[in-house]
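Okay, my_file_0.csv is below, CSV, C-alpha atoms:
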```csv
chain,number,residue,atom,x,y,z
H,1,MET,CA,0.0,0.0,0.0
H,2,GLU,CA,1.1,3.5,-0.7
H,3,PHE,CA,0.2,6.7,1.2
H,4,LYS,CA,0.6,10.4,0.8
H,5,GLN,CA,0.3,13.0,3.5
H,6,VAL,CA,-2.7,15.3,3.3
H,7,VAL,CA,-1.3,18.9,3.7
H,8,GLU,CA,-4.3,20.4,5.5
H,9,SER,CA,-4.8,17.7,8.2
H,10,GLY,CA,-1.4,16.0,8.3
H,11,THR,CA,-3.0,12.6,8.0
H,12,LEU,CA,-2.0,9.9,5.6
H,13,LYS,CA,-4.3,9.0,2.8
H,14,GLN,CA,-4.0,5.7,1.0
H,15,ILE,CA,-3.3,5.9,-2.8
H,16,GLY,CA,-2.9,3.4,-5.5
H,17,ASN,CA,-4.3,-0.1,-5.6
H,18,ASP,CA,-3.1,-2.4,-2.9
H,19,ASN,CA,-4.4,-5.5,-4.8
H,20,VAL,CA,-2.0,-5.3,-7.7
H,21,SER,CA,-1.4,-8.6,-9.5
H,22,LEU,CA,2.2,-8.6,-10.7
H,23,LYS,CA,3.9,-11.1,-13.0
H,24,ILE,CA,7.5,-12.2,-12.7
H,25,ARG,CA,8.4,-10.6,-16.1
H,26,GLU,CA,7.0,-7.2,-15.1
H,27,VAL,CA,9.0,-7.2,-11.8
H,28,ALA,CA,12.2,-8.6,-13.5
H,29,GLU,CA,12.1,-5.7,-16.0
H,30,LYS,CA,12.6,-3.3,-13.1
H,31,CYS,CA,15.3,-5.3,-11.3
H,32,LYS,CA,18.9,-6.2,-11.8
H,33,LEU,CA,21.3,-8.6,-10.0
H,34,VAL,CA,24.0,-7.0,-8.0
H,35,LYS,CA,27.1,-8.9,-6.8
H,36,THR,CA,27.7,-8.4,-3.1
H,37,GLU,CA,30.1,-10.0,-0.6
H,38,ASN,CA,27.5,-12.6,0.3
H,39,GLY,CA,26.6,-13.5,-3.4
H,40,LEU,CA,24.0,-12.1,-5.7
H,41,LYS,CA,21.3,-9.7,-4.6
H,42,VAL,CA,18.1,-8.6,-6.4
H,43,ASP,CA,18.2,-4.8,-6.6
H,44,CYS,CA,15.1,-2.7,-7.5
H,45,THR,CA,15.2,1.1,-7.6
H,46,TYR,CA,11.7,1.4,-9.1
H,47,THR,CA,9.8,4.3,-7.5
H,48,GLY,CA,6.8,4.5,-9.8
H,49,PRO,CA,3.1,3.6,-9.2
H,50,ASN,CA,2.6,0.6,-6.9
H,51,ALA,CA,6.3,0.5,-5.9
H,52,SER,CA,5.5,-1.1,-2.6
H,53,SER,CA,3.8,-4.0,-4.5
H,54,TYR,CA,7.0,-4.5,-6.4
H,55,LEU,CA,9.0,-4.7,-3.2
H,56,GLN,CA,6.6,-7.1,-1.6
H,57,TYR,CA,6.7,-9.3,-4.7
H,58,ILE,CA,10.5,-9.2,-4.6
H,59,ASP,CA,10.6,-10.2,-0.9
H,60,LYS,CA,8.1,-13.0,-1.4
H,61,HIS,CA,9.7,-14.4,-4.7
H,62,ARG,CA,13.4,-13.6,-4.3
H,63,GLU,CA,14.7,-17.0,-5.2
H,64,GLU,CA,12.6,-17.4,-8.3
H,65,LEU,CA,13.4,-13.8,-9.4
H,66,THR,CA,17.1,-14.4,-8.9
H,67,GLN,CA,16.9,-17.6,-11.1
H,68,TYR,CA,14.8,-15.7,-13.7
H,69,LEU,CA,17.4,-12.9,-13.9
H,70,MET,CA,20.3,-15.4,-14.0
H,71,ASN,CA,18.8,-17.6,-16.7
H,72,PRO,CA,17.1,-15.5,-19.3
H,73,ASP,CA,17.0,-18.5,-21.7
H,74,ILE,CA,14.6,-20.4,-19.4
H,75,SER,CA,12.4,-17.4,-18.4
H,76,ASP,CA,9.4,-19.2,-20.0
H,77,TYR,CA,9.8,-21.9,-17.4
H,78,TYR,CA,9.5,-19.5,-14.5
H,79,GLU,CA,6.6,-17.7,-16.1
H,80,TRP,CA,4.8,-21.0,-16.6
H,81,LEU,CA,5.4,-22.0,-13.0
H,82,GLU,CA,3.8,-18.7,-12.0
H,83,ALA,CA,0.8,-19.1,-14.4
H,84,SER,CA,0.2,-22.7,-13.3
H,85,HIS,CA,0.6,-21.9,-9.6
H,86,GLN,CA,3.4,-24.5,-9.3
H,87,THR,CA,6.7,-24.4,-7.4
H,88,ALA,CA,9.8,-26.6,-7.7
H,89,ILE,CA,8.5,-28.5,-4.7
H,90,THR,CA,5.0,-29.1,-6.0
H,91,LEU,CA,6.3,-30.0,-9.4
H,92,LYS,CA,8.5,-32.7,-7.9
H,93,LYS,CA,5.4,-34.5,-6.7
H,94,HIS,CA,4.6,-35.4,-10.3
H,95,GLU,CA,7.8,-37.3,-10.8
H,96,LYS,CA,6.3,-40.8,-11.0
H,97,GLU,CA,3.0,-39.9,-12.8
H,98,LYS,CA,2.5,-41.1,-16.4
H,99,LEU,CA,2.2,-37.7,-18.1
H,100,ILE,CA,1.9,-36.9,-21.8
H,101,LEU,CA,2.0,-33.8,-24.0
H,102,TYR,CA,-1.3,-33.3,-25.7
H,103,VAL,CA,-2.4,-31.0,-28.5
H,104,ASN,CA,-5.8,-29.6,-28.8
H,105,PHE,CA,-6.8,-27.9,-32.1
H,106,ASP,CA,-10.1,-26.3,-32.8
H,107,PRO,CA,-10.7,-26.0,-36.5
H,108,ALA,CA,-13.4,-23.4,-36.1
H,109,THR,CA,-11.4,-20.9,-34.1
H,110,LYS,CA,-8.0,-22.0,-35.5
H,111,ILE,CA,-6.6,-22.1,-31.9
H,112,MET,CA,-4.1,-24.7,-31.0
H,113,GLU,CA,-3.2,-25.4,-27.4
H,114,THR,CA,-0.6,-27.8,-25.9
H,115,GLY,CA,-0.3,-28.9,-22.4
H,116,ILE,CA,0.7,-31.6,-20.0
H,117,SER,CA,-2.0,-34.2,-19.2
H,118,ASP,CA,-2.6,-37.7,-17.9
H,119,ASP,CA,-3.7,-40.6,-20.1
H,120,ASN,CA,-7.3,-39.4,-19.9
H,121,ILE,CA,-6.4,-36.0,-21.4
H,122,THR,CA,-7.1,-34.3,-18.2
H,123,LEU,CA,-5.0,-31.1,-18.1
H,124,LYS,CA,-2.5,-31.3,-15.3
H,125,LEU,CA,-0.4,-28.6,-13.7
H,126,GLY,CA,-2.8,-25.8,-14.4
H,127,ALA,CA,-1.5,-23.8,-17.4
H,128,PRO,CA,-1.1,-24.7,-21.1
H,129,LEU,CA,2.5,-24.8,-22.5
H,130,VAL,CA,1.5,-22.8,-25.5
H,131,HIS,CA,-1.7,-21.1,-26.9
H,132,LEU,CA,-1.5,-20.2,-30.6
H,133,ASN,CA,-3.8,-18.8,-33.2
H,134,LEU,CA,-2.7,-20.3,-36.5
H,135,ASP,CA,-4.4,-17.5,-38.5
H,136,GLU,CA,-1.9,-15.1,-37.0
H,137,MET,CA,1.4,-16.8,-37.9
H,138,ASP,CA,3.4,-18.0,-40.8
H,139,ARG,CA,5.2,-21.3,-40.8
H,140,ASN,CA,8.5,-20.0,-39.4
H,141,THR,CA,6.8,-18.3,-36.5
H,142,PHE,CA,4.8,-21.5,-35.8
H,143,LYS,CA,8.0,-23.6,-35.8
H,144,LEU,CA,9.7,-21.2,-33.4
H,145,LYS,CA,6.7,-21.4,-31.0
H,146,VAL,CA,6.7,-25.2,-31.2
H,147,TYR,CA,10.4,-25.3,-30.5
H,148,ASP,CA,10.0,-22.9,-27.5
H,149,MET,CA,7.1,-25.1,-26.2
H,150,LEU,CA,9.4,-28.2,-26.4
H,151,LEU,CA,12.1,-26.4,-24.5
H,152,LEU,CA,9.6,-25.5,-21.9
H,153,ALA,CA,8.2,-29.1,-21.7
H,154,ASP,CA,11.8,-30.3,-21.3
H,155,GLU,CA,12.5,-27.9,-18.4
H,156,ILE,CA,9.2,-28.9,-16.7
H,157,ALA,CA,10.1,-32.6,-17.1
H,158,LEU,CA,13.6,-31.9,-15.7
H,159,GLY,CA,12.1,-29.9,-12.8
H,160,MET,CA,9.9,-32.8,-11.8
H,161,GLY,CA,12.4,-35.5,-12.7
H,162,ASN,CA,9.9,-37.3,-15.0
H,163,GLU,CA,11.8,-39.2,-17.6
H,164,GLU,CA,8.7,-40.4,-19.4
H,165,LEU,CA,7.5,-36.8,-20.0
H,166,ARG,CA,11.0,-35.8,-21.0
H,167,SER,CA,10.9,-38.5,-23.8
H,168,MET,CA,7.6,-37.0,-24.9
H,169,ALA,CA,9.3,-33.7,-25.6
H,170,ASN,CA,11.3,-35.5,-28.4
H,171,ILE,CA,11.6,-32.8,-31.0
H,172,GLU,CA,11.5,-35.0,-34.1
H,173,MET,CA,8.2,-36.7,-33.1
H,174,VAL,CA,6.4,-33.6,-32.0
H,175,LYS,CA,7.8,-31.5,-34.9
H,176,THR,CA,6.5,-33.9,-37.5
H,177,TYR,CA,3.1,-34.2,-35.9
H,178,LEU,CA,2.6,-30.4,-35.5
H,179,ALA,CA,4.0,-29.7,-39.0
H,180,GLU,CA,1.3,-32.1,-40.4
H,181,LEU,CA,-1.3,-30.2,-38.3
H,182,TYR,CA,-0.1,-26.8,-39.7
H,183,ASP,CA,-0.1,-28.1,-43.3
H,184,LYS,CA,-3.6,-29.7,-42.9
H,185,TYR,CA,-5.0,-26.5,-41.5
H,186,HIS,CA,-3.6,-24.4,-44.4
H,187,GLU,CA,-5.0,-26.9,-46.9
H,188,LEU,CA,-8.4,-26.3,-45.4
H,189,ALA,CA,-8.0,-22.5,-45.4
```

Written as structure tokens, that's how I'd like the structure from this file.
Amino acid sequence: MEFKQVVESGTLKQIGNDNVSLKIREVAEKCKLVKTENGLKVDCTYTGPNASSYLQYIDKHREELTQYLMNPDISDYYEWLEASHQTAITLKKHEKEKLILYVNFDPATKIMETGISDDNITLKLGAPLVHLNLDEMDRNTFKLKVYDMLLLADEIALGMGNEELRSMANIEMVKTYLAELYDKYHELA
């Protein structure tokens, strides 16, 4: 919460929204890692609107934020953890489950979504890996999104220690299947 002092009365009046919902990417854009005697420290000098919310977020998620800033190549993984309300600890609980990558494509809306599910195609872990509108992308953009999705699936499988899921992220198998889907859609269009 942020306050400003009312000149006439000298009292404090609350300003801003104290229920700000921040995402790790937003906070990381305003932070940097600083080397100290004790190691790395997340430093934020942001003083704009809802600055206190940023500081609270940093205090609560310091470890994830540090990893996010240290490993920009796997930032999608930390964003997915946040979107799916998972942590490294809760993810580890799925180590022995039989999980698969599934693809859901709706020909009417041209939306393709991939996620992690069980054998009954019940979405697990909360958030999809990727959500794409095939009308809005060319083949190269599609291939890049699929590759990013496979990297994310591999990071998730590593995080939970699930070898079976890791083998599902095999790039050749998935690439072939999704390329066929993309070609079939564009034949229909």

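Nearest-residue note for H:Thr141: choosing from H:His85, H:Tyr182, H:Lys23, H:Lys30, the minimum distance belongs to H:Tyr182, counting all atoms listed in the file.
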
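One finds atom CA of H:Ala83 at 20.3 Å from atom CA of H:Ala169.
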
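With only C-alpha atoms as the atoms that count, the residue of H:Met137, H:Met70, H:Ala157, H:Cys44 with the shortest distance to H:Lys96 is H:Ala157.
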
Polymer residues at most 12 Å from stretch 34-38 of chain H, only C-alpha atoms, same-chain spacing of 3 or more positions, as JSON, numbers by chain: {"H": [31, 41, 42, 43, 44, 45, 66, 69, 70]}

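For the atom pair formed by atom CA of H:Asp183 and atom CA of H:Lys143, the distance is 11.9 Å, given to one decimal.
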
Option closest in space to H:Ala179, from H:Asp118, H:Asp138, H:Asp73, H:Glu97 [counting only C-alpha atoms]: H:Asp138

Of the listed residues H:Ala108, H:Leu125, H:Val146, H:Val27, that which approaches H:Gln86 most closely, counting only C-alpha atoms: H:Leu125

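Residue nearest H:Leu91 within the list H:Leu178, H:Met112, H:Leu55, H:Met160: H:Met160 [criterion: smallest interatomic distance, only C-alpha atoms].
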
H:Asn104 environment, 8 Å, all atoms listed in the file, sequence neighbours closer than 2 positions dropped, as a PyMOL selection string: chain H and resi 102+106+112-114

Å distance separating atom CA of H:His94 from atom CA of H:Ser21, one decimal place: 27.5 Å

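Distances to H:Val130 were evaluated for H:Leu22, H:Thr90, H:Arg166, H:Tyr77 using all atoms listed in the file, and the minimum falls at H:Tyr77.
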